[in-house]
Amino acid sequence: MSDSEPPRPRKILSLKSGVAAPGGPPPLERIPRPAGHKRVVVKAPEPPPAPPATGDFKCKPCGTRFDPPTELADEDSVRCPSCNARLGLASDFRAEPPNVDKLRARYLKK
Ligand SMILES: [Zn+2]
């Protein structure tokens, strides 16, 4: 066996330059959509703009629901977060049950 192939001439690869091929790019994006089938963009659900009013107490002067701040000392006065009225001592709010007779707030939990 002596049919060794002669060395092939090296093929020079013609590198394509950035010129687009005549005829434009293949129509990959041209998938026809069924008529009347609108594309709906689904957005991520947004949180509600304002949380519902919560709180175990209700300010008697203005009716705002609130929770007494836990960082207050027992002898500190709890103020309404809305009208800033002094509603009573923190200790009276924390009492079990709350000392509503001394408070200017209603206790909503029962
Ligand atoms: Zn108030």
# chains A, B, ... in the order shown; residues from 1 in each chain; ligands from 1
$ residues_near_ligand --ligand "ligand 1" --cutoff "8 Å" --atoms "only C-alpha atoms and all ligand atoms" --output "ChimeraX atom specification"
/A:58-64,79-85
$ write_last_selection --atoms "N, CA and C atoms" --output "PDB file, in the first residue's frame"
ATOM      1  N   LYS A  58     -58.317  51.768  69.944  1.00  0.00           N
ATOM      2  CA  LYS A  58     -58.875  52.787  69.076  1.00  0.00           C
ATOM      3  C   LYS A  58     -58.887  54.094  69.860  1.00  0.00           C
ATOM      4  N   CYS A  59     -58.277  55.089  69.262  1.00  0.00           N
ATOM      5  CA  CYS A  59     -58.220  56.388  69.911  1.00  0.00           C
ATOM      6  C   CYS A  59     -59.623  56.963  70.028  1.00  0.00           C
ATOM      7  N   LYS A  60     -60.031  57.313  71.254  1.00  0.00           N
ATOM      8  CA  LYS A  60     -61.376  57.869  71.416  1.00  0.00           C
ATOM      9  C   LYS A  60     -61.524  59.241  70.755  1.00  0.00           C
ATOM     10  N   PRO A  61     -60.560  60.139  70.894  1.00  0.00           N
ATOM     11  CA  PRO A  61     -60.734  61.455  70.260  1.00  0.00           C
ATOM     12  C   PRO A  61     -60.888  61.396  68.745  1.00  0.00           C
ATOM     13  N   CYS A  62     -60.102  60.553  68.065  1.00  0.00           N
ATOM     14  CA  CYS A  62     -60.129  60.626  66.602  1.00  0.00           C
ATOM     15  C   CYS A  62     -60.513  59.307  65.942  1.00  0.00           C
ATOM     16  N   GLY A  63     -60.548  58.220  66.684  1.00  0.00           N
ATOM     17  CA  GLY A  63     -61.008  56.960  66.110  1.00  0.00           C
ATOM     18  C   GLY A  63     -59.956  56.169  65.372  1.00  0.00           C
ATOM     19  N   THR A  64     -58.704  56.560  65.457  1.00  0.00           N
ATOM     20  CA  THR A  64     -57.647  55.820  64.781  1.00  0.00           C
ATOM     21  C   THR A  64     -57.288  54.562  65.557  1.00  0.00           C
ATOM     22  N   ARG A  79     -49.355  57.969  73.158  1.00  0.00           N
ATOM     23  CA  ARG A  79     -50.014  59.009  72.379  1.00  0.00           C
ATOM     24  C   ARG A  79     -50.577  58.402  71.099  1.00  0.00           C
ATOM     25  N   CYS A  80     -51.663  58.993  70.668  1.00  0.00           N
ATOM     26  CA  CYS A  80     -52.268  58.533  69.429  1.00  0.00           C
ATOM     27  C   CYS A  80     -51.327  58.854  68.275  1.00  0.00           C
ATOM     28  N   PRO A  81     -51.068  57.884  67.415  1.00  0.00           N
ATOM     29  CA  PRO A  81     -50.168  58.152  66.290  1.00  0.00           C
ATOM     30  C   PRO A  81     -50.767  59.123  65.283  1.00  0.00           C
ATOM     31  N   SER A  82     -52.053  59.353  65.369  1.00  0.00           N
ATOM     32  CA  SER A  82     -52.698  60.229  64.398  1.00  0.00           C
ATOM     33  C   SER A  82     -52.913  61.633  64.944  1.00  0.00           C
ATOM     34  N   CYS A  83     -53.570  61.736  66.104  1.00  0.00           N
ATOM     35  CA  CYS A  83     -53.898  63.062  66.625  1.00  0.00           C
ATOM     36  C   CYS A  83     -53.006  63.469  67.780  1.00  0.00           C
ATOM     37  N   ASN A  84     -52.117  62.563  68.183  1.00  0.00           N
ATOM     38  CA  ASN A  84     -51.128  62.858  69.216  1.00  0.00           C
ATOM     39  C   ASN A  84     -51.755  63.130  70.585  1.00  0.00           C
ATOM     40  N   ALA A  85     -52.984  62.739  70.755  1.00  0.00           N
ATOM     41  CA  ALA A  85     -53.600  62.907  72.069  1.00  0.00           C
ATOM     42  C   ALA A  85     -52.975  61.932  73.060  1.00  0.00           C
TER      43      ALA A  85
END
$ residues_around --residues "Lys110 in chain A" --least-positions-apart "4" --cutoff "12 Å" --atoms "only C-alpha atoms" --output "list in words"
Asp56, Phe57, Glu96, Pro97, Pro98 and Arg106 of chain A
$ write_last_selection --atoms "N, CA and C atoms" --output "short mmCIF file (atom, residue, chain, number, x, y, z; two decimals), in the first residue's frame"
data_model
loop_
_atom_site.label_atom_id
_atom_site.label_comp_id
_atom_site.auth_asym_id
_atom_site.auth_seq_id
_atom_site.Cartn_x
_atom_site.Cartn_y
_atom_site.Cartn_z
N ASP A 56 -55.04 46.99 68.31
CA ASP A 56 -55.95 46.49 69.33
C ASP A 56 -56.72 47.62 70.00
N PHE A 57 -56.23 48.83 69.84
CA PHE A 57 -56.87 49.96 70.50
C PHE A 57 -57.37 50.97 69.48
N GLU A 96 -53.45 43.24 81.72
CA GLU A 96 -54.30 42.15 81.25
C GLU A 96 -55.47 41.97 82.19
N PRO A 97 -56.66 42.40 81.83
CA PRO A 97 -56.97 43.13 80.59
C PRO A 97 -56.56 44.58 80.71
N PRO A 98 -56.52 45.31 79.63
CA PRO A 98 -56.10 46.71 79.68
C PRO A 98 -57.00 47.54 80.59
N ARG A 106 -60.31 52.82 73.27
CA ARG A 106 -61.13 51.60 73.40
C ARG A 106 -60.25 50.39 73.10
#
$ residues_around --residues "range 68-75 of chain A" --least-positions-apart "2" --cutoff "9 Å" --atoms "only C-alpha atoms" --output "PyMOL selection string"
chain A and resi 55-57+66+77-80+89-94
$ atom_distance --atom1 "CA of Arg86 in chain A" --atom2 "CA of Thr54 in chain A"
19.3 Å
$ closest_residue --among "A:Asp101, A:Pro49, A:Leu108, A:Arg10" --to "Leu87 in chain A" --atoms "only C-alpha atoms"
A:Asp101
